[in-house]
Amino acid sequence: PVPVVAVVGRPNVGKSTLVNRIIGRRQAVVEDTPGVTRDRVPYDAQWNGRQFTVVDTGGWEPDARDRAKAIAMQAEIAVQTADVVLFVVDAMVGSTDVDEAAVRMLRRSNKPVILVANKADNNAIEMEAVSLWTLGLGEPQVVSALHGRGSGDLLDLILAAM
Ligand code: GDP
Ligand code: MG
């Protein structure tokens, strides 16, 4: 079976942009309005001759209600059914209470998690991202999904984790 990589994190941190970067084409819908991706959307990906499936999700919020709750549940299912999880945070914002709640959910899953600090478009933001160590998920992998910065290193790590 082809390994499955789930991409989770708060709305608007750049999950779909990262998915497009990973698959090398613009297929996942990127939106300035949070909550566009509602379900789990799988895409075929490959790197260094290895195939895997990358699953875009709609964003996870802890005390979400109604529609947002359904979206968050899809993200949890994506985590449960994944071999590797990419937990995406916004390096421009830093870690939030919502991120910390998500980390607790991820720990319960016992899945290998790669912490991705996205939107590190320049060196200054990259330096700030070091503070994300405090989330307790190890070294943050600093990327800019928009510009492609760090994506090759991230893909190498994904292969090593699956
Ligand atoms: P999602 O809700 O987590 O899937 O986030 P999207 O991929 O839809 O992106 C939300 C917004 O963040 C869009 O306006 C993207 O263009 C922007 N964005 C995504 N990645 C980056 C990045 O690396 N740098 C910057 N500056 N903006 C980004
Ligand atoms: Mg999205």
# chains A, B, ... in the order shown; residues from 1 in each chain; ligands from 1

call {"tool": "residues_near_ligand", "arguments": {"ligand": "ligand 2", "cutoff": "12 Å", "atoms": "only C-alpha atoms and all ligand atoms", "output": "MDAnalysis selection string"}}
result
chainID A and resid 7:20 27:41 55:60 71 75 88

call {"tool": "residues_around", "arguments": {"residues": "Pro3 (chain A)", "least_positions_apart": "3", "cutoff": "7 Å", "atoms": "only C-alpha atoms", "output": "count of residues only"}}
result
4

call {"tool": "closest_residue", "arguments": {"among": "A:Arg50, A:Arg65, A:Arg107, A:Arg21", "to": "ligand 1", "atoms": "only C-alpha atoms and all ligand atoms"}}
result
A:Arg21

call {"tool": "closest_residue", "arguments": {"among": "A:Leu115, A:Leu157, A:Val4, A:Ile23", "to": "Val89 (chain A)", "atoms": "only C-alpha atoms"}}
result
A:Leu115

call {"tool": "closest_residue", "arguments": {"among": "A:Thr134, A:Gln51, A:Asn118, A:Gln141", "to": "ligand 1", "atoms": "only C-alpha atoms and all ligand atoms"}}
result
A:Asn118

call {"tool": "select_by_dssp", "arguments": {"residues": "chain A", "states": "alpha helix (DSSP H)", "output": "PyMOL selection string"}}
result
chain A and resi 15-23+66-80+97-109+123-128+151-161

call {"tool": "write_last_selection", "arguments": {"atoms": "N, CA and C atoms", "output": "compact mmCIF listing (two decimals), in the first residue's frame"}}
result
# COMPACT_ATOMS: atom_id res chain seq x y z
N LYS A 15 -1.91 25.11 4.54
CA LYS A 15 -1.91 23.66 4.30
C LYS A 15 -2.07 23.34 2.81
N SER A 16 -3.07 23.96 2.19
CA SER A 16 -3.34 23.63 0.78
C SER A 16 -2.21 24.11 -0.12
N THR A 17 -1.62 25.25 0.22
CA THR A 17 -0.46 25.74 -0.54
C THR A 17 0.69 24.75 -0.43
N LEU A 18 0.87 24.21 0.78
CA LEU A 18 1.94 23.23 1.00
C LEU A 18 1.65 21.94 0.23
N VAL A 19 0.39 21.52 0.23
CA VAL A 19 0.01 20.32 -0.53
C VAL A 19 0.36 20.53 -2.01
N ASN A 20 0.03 21.67 -2.55
CA ASN A 20 0.36 21.95 -3.95
C ASN A 20 1.86 21.92 -4.19
N ARG A 21 2.62 22.43 -3.26
CA ARG A 21 4.08 22.42 -3.36
C ARG A 21 4.58 20.99 -3.36
N ILE A 22 4.00 20.15 -2.50
CA ILE A 22 4.43 18.75 -2.39
C ILE A 22 4.09 17.96 -3.66
N ILE A 23 2.89 18.19 -4.19
CA ILE A 23 2.49 17.40 -5.38
C ILE A 23 3.02 18.03 -6.67
N ASP A 66 -20.70 22.93 15.09
CA ASP A 66 -21.42 22.78 13.83
C ASP A 66 -20.49 22.43 12.67
N ARG A 67 -20.49 23.29 11.65
CA ARG A 67 -19.74 22.99 10.45
C ARG A 67 -18.24 22.88 10.75
N ALA A 68 -17.74 23.80 11.57
CA ALA A 68 -16.31 23.78 11.91
C ALA A 68 -15.95 22.50 12.66
N LYS A 69 -16.90 22.01 13.47
CA LYS A 69 -16.67 20.77 14.22
C LYS A 69 -16.55 19.58 13.26
N ALA A 70 -17.41 19.56 12.27
CA ALA A 70 -17.37 18.49 11.28
C ALA A 70 -16.03 18.52 10.53
N ILE A 71 -15.55 19.71 10.24
CA ILE A 71 -14.27 19.85 9.54
C ILE A 71 -13.14 19.35 10.43
N ALA A 72 -13.19 19.73 11.71
CA ALA A 72 -12.15 19.30 12.65
C ALA A 72 -12.15 17.78 12.80
N MET A 73 -13.34 17.18 12.78
CA MET A 73 -13.42 15.71 12.88
C MET A 73 -12.78 15.04 11.67
N GLN A 74 -12.96 15.65 10.50
CA GLN A 74 -12.31 15.10 9.30
C GLN A 74 -10.79 15.14 9.45
N ALA A 75 -10.29 16.21 10.06
CA ALA A 75 -8.85 16.32 10.28
C ALA A 75 -8.38 15.21 11.22
N GLU A 76 -9.18 14.93 12.27
CA GLU A 76 -8.80 13.87 13.21
C GLU A 76 -8.80 12.51 12.53
N ILE A 77 -9.79 12.28 11.68
CA ILE A 77 -9.84 11.01 10.93
C ILE A 77 -8.61 10.91 10.01
N ALA A 78 -8.25 12.03 9.40
CA ALA A 78 -7.07 12.04 8.52
C ALA A 78 -5.82 11.63 9.30
N VAL A 79 -5.71 12.13 10.53
CA VAL A 79 -4.56 11.79 11.37
C VAL A 79 -4.58 10.29 11.68
N GLN A 80 -5.77 9.79 12.08
CA GLN A 80 -5.88 8.36 12.47
C GLN A 80 -5.51 7.44 11.33
N ASP A 97 -2.88 29.07 21.23
CA ASP A 97 -3.59 28.10 22.08
C ASP A 97 -4.17 26.96 21.24
N VAL A 98 -4.66 27.33 20.08
CA VAL A 98 -5.26 26.32 19.19
C VAL A 98 -4.19 25.33 18.75
N ASP A 99 -2.99 25.83 18.45
CA ASP A 99 -1.90 24.94 18.06
C ASP A 99 -1.58 23.98 19.21
N GLU A 100 -1.56 24.52 20.43
CA GLU A 100 -1.23 23.67 21.58
C GLU A 100 -2.28 22.59 21.80
N ALA A 101 -3.54 22.94 21.59
CA ALA A 101 -4.61 21.95 21.71
C ALA A 101 -4.46 20.89 20.62
N ALA A 102 -4.08 21.31 19.44
CA ALA A 102 -3.88 20.36 18.33
C ALA A 102 -2.74 19.40 18.67
N VAL A 103 -1.69 19.91 19.29
CA VAL A 103 -0.56 19.05 19.67
C VAL A 103 -1.03 17.95 20.61
N ARG A 104 -1.92 18.29 21.54
CA ARG A 104 -2.44 17.26 22.47
C ARG A 104 -3.19 16.17 21.69
N MET A 105 -3.99 16.60 20.71
CA MET A 105 -4.71 15.63 19.88
C MET A 105 -3.72 14.76 19.12
N LEU A 106 -2.65 15.38 18.60
CA LEU A 106 -1.66 14.63 17.81
C LEU A 106 -0.92 13.63 18.67
N ARG A 107 -0.61 14.01 19.90
CA ARG A 107 0.10 13.09 20.81
C ARG A 107 -0.73 11.84 21.06
N ARG A 108 -2.04 12.05 21.28
CA ARG A 108 -2.93 10.92 21.53
C ARG A 108 -2.93 9.94 20.35
N SER A 109 -2.68 10.46 19.16
CA SER A 109 -2.73 9.62 17.96
C SER A 109 -1.54 8.68 17.86
N ASN A 123 14.62 35.33 6.13
CA ASN A 123 15.47 34.87 7.23
C ASN A 123 14.96 35.33 8.59
N ALA A 124 14.40 36.53 8.65
CA ALA A 124 13.92 37.05 9.93
C ALA A 124 12.82 36.16 10.49
N ILE A 125 11.87 35.77 9.65
CA ILE A 125 10.78 34.90 10.11
C ILE A 125 11.34 33.52 10.45
N GLU A 126 12.31 33.07 9.66
CA GLU A 126 12.93 31.77 9.92
C GLU A 126 13.55 31.73 11.32
N MET A 127 14.21 32.83 11.71
CA MET A 127 14.82 32.90 13.05
C MET A 127 13.75 32.84 14.13
N GLU A 128 12.65 33.55 13.90
CA GLU A 128 11.53 33.55 14.87
C GLU A 128 10.97 32.15 15.07
N SER A 151 11.23 23.24 0.81
CA SER A 151 10.32 22.13 0.49
C SER A 151 11.07 20.83 0.17
N GLY A 152 12.26 20.95 -0.43
CA GLY A 152 13.04 19.74 -0.72
C GLY A 152 13.47 19.02 0.55
N ASP A 153 13.94 19.80 1.52
CA ASP A 153 14.35 19.21 2.80
C ASP A 153 13.15 18.57 3.49
N LEU A 154 12.01 19.23 3.42
CA LEU A 154 10.80 18.67 4.04
C LEU A 154 10.44 17.34 3.38
N LEU A 155 10.49 17.30 2.06
CA LEU A 155 10.14 16.05 1.36
C LEU A 155 11.11 14.93 1.74
N ASP A 156 12.39 15.24 1.90
CA ASP A 156 13.36 14.23 2.35
C ASP A 156 12.95 13.68 3.72
N LEU A 157 12.52 14.57 4.61
CA LEU A 157 12.11 14.16 5.96
C LEU A 157 10.85 13.29 5.92
N ILE A 158 9.93 13.65 5.05
CA ILE A 158 8.68 12.87 4.92
C ILE A 158 9.04 11.44 4.52
N LEU A 159 9.90 11.30 3.53
CA LEU A 159 10.29 9.95 3.08
C LEU A 159 10.96 9.18 4.23
N ALA A 160 11.79 9.88 5.00
CA ALA A 160 12.49 9.21 6.10
C ALA A 160 11.52 8.76 7.17
N ALA A 161 10.40 9.46 7.32
CA ALA A 161 9.44 9.14 8.39
C ALA A 161 8.44 8.06 8.00

call {"tool": "select_by_dssp", "arguments": {"residues": "chain A", "states": "strand (DSSP E)", "output": "PyMOL selection string"}}
result
chain A and resi 4-9+41-47+50-56+84-90+113-118+141-142

call {"tool": "closest_residue", "arguments": {"among": "A:Thr96, A:Ala45, A:Leu137, A:Arg26", "to": "ligand 1", "atoms": "only C-alpha atoms and all ligand atoms"}}
result
A:Arg26
